[in-house]
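Read the structure below first, then the notes.
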Amino acid sequence: MTDRIITVIGDEILDSRGYPTMRVKVRLKSGIAAYASVPSGASTGEGEAHELRDGDMRRYGGRGVLKAIANLAEIERAVRGHDPTKQGEIDRLLIEADGTETKSRLGANAIVGTSMAIARAAAQVRRQPLYAYLGGSSPYRMPVPMMNVVNGGRHAANALDFQEFMIVPHGAPSFREALRWGAETYHALRALLLEKGFSAGVGDEGGFAPNLESNEAACSLIVEAIELAGYRPGAQIAIALDPAASSFWRDGSYELSRSGAGNMSSSALAALYAGWMKRFPIVSIEDGFSEHDWSAFQAQTADLGRTVQIVGDDLYVTNTKLIERGVATKATNAALIKLNQIGTVTETIAAIAACRAAGWNFIISHRSGETDDAFIADFAVAMNAGQIKAGAPCRTERLAKYNRLLEIEREVAGQSFYNSPFASSVDAAASATEASGPGPADHEVVAVIEEAITAHRCLTVAQRAARRVNALSLSALHISVDPAKLVASAEEIDSQQLRELREGTAQERLEQTRRAFEAWVDSSSTQVRWLEHVGDIGSSLLPEVQNAALIVLARPHSPDAGDALHAALFDTGRLVLFAPTDGALPVTLGEHMVIAWKARTQARKAIMRTLPWLRVATRVTIVAVDEADGAHDCAEVLGLLQERGISADVRHVQTERGQHIADRLLAEAEAVGGDSIVMGAYRFGQLFEWVFGGVTYEVLSRTRLPVFMMH
Ligand code: PGA
Ligand code: ZN
């Protein structure tokens with residue numbers, strides 16, 4: 001039964017700095033209740049969604065939030081009676097009720113608190129933990145913590161201009177160990193500071209706030225602390241910086257007045273960072289320049305972007321449009337993600353989708369003013385972010401997030417992994433766009449056969465895909481061990497021969513059926529591996545497809561959170577080819593490929609990932625549906641293809657009133673005689689629907705063409 005939102009109320013509470021913020025509480029018809037507390041920044045980007053404060057100087061110096069609390073009554077009227085599990089719809093209602101670009105009327109604090117509380121309530125409706133509800137199924141990626149151990153800038157009253165000096169235990173084997181390594185290093189740092197006569201008092205995010213003689217001294221001390229704690233700087237624990245340079249930018253130059261380093265131009269500051277990169281094990285730098293200094297970011301990314309993660313925070317304020325501008329202008333190669341910068345869960349996920357589409361890293365982040373709410377811990381896991389920024393291992397509002405991650409890691413034991421997003425992925429992000437095809441390890445097409453009725457189609461599609469690209473071999477993985485199902489699927493291949501198989505023990509029938517399968521696929525020298533799929537997918541199936549150039553599988557019954565197999569395979573990040581499960585299969589595959597896209601960035605990725613097939617296709621058609629900026633975007637995509645010796649036709653089409661984009665797209669694909677579709681997607685689960693307006697979902701469920709799809 002569908003649950004309904006009944007009330008939205010709130011309290012004015014205090015945050016970790018003792019300033020007012022709000023806690024929003026949502027109650028459902030069933031009696032389910034959930035809350036969310038809203039954080040607040042100090043070094044805010046100018047483009048952030050508007051945090052509504054009372055401005056009544058008689059209370060909290062004007063920082064009270066009673067007006068925002070009062071606005072919850074209007075918010076309640078907007079969402080009352082709605083299904084809490086329809087997050088996309090709820091967030092749209094909230095945005096519409098507010099009616100302003102920056103959520104300034106009702107207050108972004110009131111809106112984001114409501115949006116988050118409703119997500120929590122919906123997770124309860126579904127009886128799922130928040131990370132599973134928002135993120136779909138396993139495997140879960142545990143985030144690498146970026147722990148801010150030295151605080152400066154607006155987060156401390158000391159002599160450091162740069163706001164954050166973080167340690168990143170990316171070489172740890174698990175989140176639990178990473179947290180221990182980080183805490184031990186933090187304690188070593190404390191001992192060092194005291195030994196050298198500095199204060200060990202802490203700043204807003206729990207990092208020490210000593211009056212060091214220079215910004216650089218913070219880096220040296222951290223390296224010393226890492227060694228003192230018994231870890232290898234760089235390989236095991238690296239450094240990340242967030243200078244938050246907007247906060248010391250005045251009239252076109254950088255005023256390093258706290259440390260006494262004087263005024264610096266963009267290029268002088270860039271040179272300072274570049275020098276540090278050579279001397280310290282720095283893997284990430286965020287807001288190295290002012291949010292108005294885009295060209296400085298571009299130059300830094302061109303210079304260092306291949307080896308260092310360059311992050312925009314104030315620069316993008318979790319705004320999809322700004323992130324897309326950053327992608328188009330190559331301003332950075334990563335973005336910081338803060339729910340309250342944009343104001344709803346759905347818009348935050350859209351910003352993440354833009355990062356993913358561009359092959360960027362992204363980091364889920366707290367604010368300097370925090371509460372005990374650990375929403376971002378679940379969110380980081382749900383989004384497969386790989387990184388979380390939640391402060392030092394000190395002060396309970398920071399530990400609330402890390403401690404929640406410990407709990408999650410235990411809950412998902414055996415279905416999670418902890419990987420460094422650096423080294424390999426920074427390199428990969430830089431070179432991914434130039435990858436020209438499967439590498440030496442990626443020579444295999446793996447058909448994953450789950451069910452009897454789809455086995456034949458799935459293998460047919462896989463065989464064709466492997467044959468088109470010469471270097472590819474084909475393996476079939478049959479993951480069902482149910483003899484009855486396997487016999488039924490083998491019957492599709494050769495019903496005559498298999499009739500006899502109905503006799504004998506289960507084990508005998510299984511053996512014989514497997515031989516029949518092998519004989520059938522043998523004609524294309526396919527190797528069939530029989531996987532006795534037991535237990536969780538993460539440990540038995542995923543290792544088998546880890547290096548596949550392409551994973552072929554039958555399209556999902558429902559691209560829904562419940563489909564663990566599809567979600568897990570899709571989330572490996574390998575290229576997936578979905579075989580349609582009904583209708584006549586086209587007689588060819590990859591002769592005429594149709595590239596369908598929503599955003600330019602997605603097309604880029606889709607093209608790069610399917611190059612081996614696009615290169616041998618006889619025809620390539622790009623179908624743009626309802627693209628306002630279509631001509632410009634298409635020119636870019638065409639250029640991209642041309643550089644690789646591929647020519648393509650472009651079709652610009654518009655939906656008719658009430659027509660779904662997917663329908664228009666498929667009609668066009670049919671009309672031009674396409675035999676396969678190429679499109680990017682985000683991931684499975686509900687988000688699949690929210691983020692792309694259901695286009696990928698609808699295409700997958702309606703088409704009779706095989707669809708190449710990737711993250
Ligand atoms: P803020 O700072 O929460 O004070 O804005 C955090 C950051 O700059 O990343
Ligand atoms: Zn920042």
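We label chains A, B, ... in the order they appear in the structure tokens, count residues from 1 in each chain, and number ligands from 1 in the order shown.
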
Please produce, as JSON lines, a per-residue contact table for chain A versus ligand 1 (criterion: any atom at most 8 Å away, only C-alpha atoms and all ligand atoms considered), showing the nearest atom pair and its distance in Å to one decimal, sorted by chain then residue number.
{"residue": "A:Ser40", "atom": "CA", "partner": "ligand 1", "partner_atom_place_in_ligand_line": "3 (O)", "distance": 6.2}
{"residue": "A:Gly41", "atom": "CA", "partner": "ligand 1", "partner_atom_place_in_ligand_line": "3 (O)", "distance": 3.4}
{"residue": "A:Ala42", "atom": "CA", "partner": "ligand 1", "partner_atom_place_in_ligand_line": "4 (O)", "distance": 3.4}
{"residue": "A:Ser43", "atom": "CA", "partner": "ligand 1", "partner_atom_place_in_ligand_line": "5 (O)", "distance": 3.9}
{"residue": "A:Thr44", "atom": "CA", "partner": "ligand 1", "partner_atom_place_in_ligand_line": "5 (O)", "distance": 4.4}
{"residue": "A:Gly45", "atom": "CA", "partner": "ligand 1", "partner_atom_place_in_ligand_line": "5 (O)", "distance": 7.2}
{"residue": "A:Arg154", "atom": "CA", "partner": "ligand 1", "partner_atom_place_in_ligand_line": "4 (O)", "distance": 7.1}
{"residue": "A:His155", "atom": "CA", "partner": "ligand 1", "partner_atom_place_in_ligand_line": "4 (O)", "distance": 6.8}
{"residue": "A:Gln163", "atom": "CA", "partner": "ligand 1", "partner_atom_place_in_ligand_line": "8 (O)", "distance": 7.4}
{"residue": "A:Glu164", "atom": "CA", "partner": "ligand 1", "partner_atom_place_in_ligand_line": "8 (O)", "distance": 7.9}
{"residue": "A:Asp242", "atom": "CA", "partner": "ligand 1", "partner_atom_place_in_ligand_line": "9 (O)", "distance": 6.7}
{"residue": "A:Ala244", "atom": "CA", "partner": "ligand 1", "partner_atom_place_in_ligand_line": "8 (O)", "distance": 5.6}
{"residue": "A:Glu286", "atom": "CA", "partner": "ligand 1", "partner_atom_place_in_ligand_line": "9 (O)", "distance": 7.8}
{"residue": "A:Asp287", "atom": "CA", "partner": "ligand 1", "partner_atom_place_in_ligand_line": "8 (O)", "distance": 7.8}
{"residue": "A:Asp313", "atom": "CA", "partner": "ligand 1", "partner_atom_place_in_ligand_line": "9 (O)", "distance": 6.4}
{"residue": "A:Asp314", "atom": "CA", "partner": "ligand 1", "partner_atom_place_in_ligand_line": "8 (O)", "distance": 7.1}
{"residue": "A:Leu336", "atom": "CA", "partner": "ligand 1", "partner_atom_place_in_ligand_line": "9 (O)", "distance": 7.5}
{"residue": "A:Ser365", "atom": "CA", "partner": "ligand 1", "partner_atom_place_in_ligand_line": "9 (O)", "distance": 7.0}
{"residue": "A:His366", "atom": "CA", "partner": "ligand 1", "partner_atom_place_in_ligand_line": "3 (O)", "distance": 6.6}
{"residue": "A:Arg367", "atom": "CA", "partner": "ligand 1", "partner_atom_place_in_ligand_line": "3 (O)", "distance": 3.3}
{"residue": "A:Ser368", "atom": "CA", "partner": "ligand 1", "partner_atom_place_in_ligand_line": "3 (O)", "distance": 3.9}
{"residue": "A:Gly369", "atom": "CA", "partner": "ligand 1", "partner_atom_place_in_ligand_line": "3 (O)", "distance": 6.3}
{"residue": "A:Lys389", "atom": "CA", "partner": "ligand 1", "partner_atom_place_in_ligand_line": "9 (O)", "distance": 8.0}

Report as a ChimeraX atom specification: the residues of segment 154-383 of chain A with a DSSP assignment of alpha helix (DSSP H), based on the backbone of this structure.
/A:175-195,215-228,266-279,294-304,320-329,339-342,345-357,375-382

Taking only C-alpha atoms into account, which of A:Ser259, A:Ser199, A:Thr348, A:Asn148 comes nearest Ile388 of chain A?
A:Asn148

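Counting from atom CA of Leu666 of chain A, the distance to atom CA of Val594 of chain A is 9.7 Å.
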
Would you mind listing what lies within 7 Å of Leu160 of chain A as an MDAnalysis selection string, with only C-alpha atoms counted and same-chain residues fewer than 3 positions away left out?
chainID A and resid 152:153 214:215 258:259

Store the residues picked out above in a file with all heavy atoms, as an mmCIF file, in the first residue's frame.
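This went into again09.cif:
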data_model
loop_
_atom_site.group_PDB
_atom_site.id
_atom_site.type_symbol
_atom_site.label_atom_id
_atom_site.label_comp_id
_atom_site.auth_asym_id
_atom_site.auth_seq_id
_atom_site.Cartn_x
_atom_site.Cartn_y
_atom_site.Cartn_z
ATOM 1 N N GLY A 152 42.376 26.132 8.708
ATOM 2 C CA GLY A 152 42.790 27.530 8.591
ATOM 3 C C GLY A 152 41.666 28.334 7.977
ATOM 4 O O GLY A 152 40.503 27.938 8.042
ATOM 5 N N GLY A 153 42.020 29.439 7.332
ATOM 6 C CA GLY A 153 41.033 30.268 6.642
ATOM 7 C C GLY A 153 39.842 30.604 7.518
ATOM 8 O O GLY A 153 39.991 30.925 8.694
ATOM 9 N N SER A 214 53.895 29.230 8.284
ATOM 10 C CA SER A 214 53.502 29.368 6.872
ATOM 11 C C SER A 214 52.497 28.283 6.512
ATOM 12 O O SER A 214 52.367 27.285 7.227
ATOM 13 C CB SER A 214 54.734 29.222 5.967
ATOM 14 O OG SER A 214 55.234 27.898 6.080
ATOM 15 N N ASN A 215 51.822 28.470 5.390
ATOM 16 C CA ASN A 215 50.888 27.453 4.903
ATOM 17 C C ASN A 215 51.620 26.152 4.606
ATOM 18 O O ASN A 215 51.120 25.054 4.863
ATOM 19 C CB ASN A 215 50.208 27.946 3.626
ATOM 20 C CG ASN A 215 49.321 29.160 3.891
ATOM 21 O OD1 ASN A 215 48.430 29.112 4.727
ATOM 22 N ND2 ASN A 215 49.593 30.250 3.201
ATOM 23 N N ARG A 258 46.986 36.420 6.256
ATOM 24 C CA ARG A 258 47.110 35.769 7.572
ATOM 25 C C ARG A 258 48.529 35.281 7.826
ATOM 26 O O ARG A 258 49.083 35.449 8.904
ATOM 27 C CB ARG A 258 46.169 34.574 7.658
ATOM 28 C CG ARG A 258 44.712 34.960 7.806
ATOM 29 C CD ARG A 258 43.888 33.690 7.792
ATOM 30 N NE ARG A 258 42.493 33.967 8.079
ATOM 31 C CZ ARG A 258 41.769 33.313 8.986
ATOM 32 N NH1 ARG A 258 42.323 32.339 9.681
ATOM 33 N NH2 ARG A 258 40.519 33.600 9.186
ATOM 34 N N SER A 259 49.090 34.632 6.803
ATOM 35 C CA SER A 259 50.428 34.069 6.974
ATOM 36 C C SER A 259 51.510 35.111 6.702
ATOM 37 O O SER A 259 52.684 34.865 6.927
ATOM 38 C CB SER A 259 50.619 32.899 6.006
ATOM 39 O OG SER A 259 50.552 33.378 4.674
#

To one decimal in Å, tell me the separation between atom CA of Val311 of chain A and atom CA of Ala335 of chain A.
4.9 Å

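Distances from A:Lys338, A:Arg80, A:Arg398, A:Arg190 to ligand 2 were compared using only C-alpha atoms and all ligand atoms, and the smallest one belongs to A:Lys338.
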
Which value, in Å to one decimal, gives the distance between atom CA of Glu213 of chain A and atom CA of Val168 of chain A?
23.7 Å

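Distances to ligand 2 were evaluated for A:Ala200, A:Met142, A:Leu315, A:Ala209 using only C-alpha atoms and all ligand atoms, and the minimum falls at A:Leu315.
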
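Of the residues under consideration (A:Ile13, A:Ser174, A:Ala354, A:Tyr60), A:Ser174 shows the shortest atom-to-atom contact distance to Arg410 of chain A when counting only C-alpha atoms.
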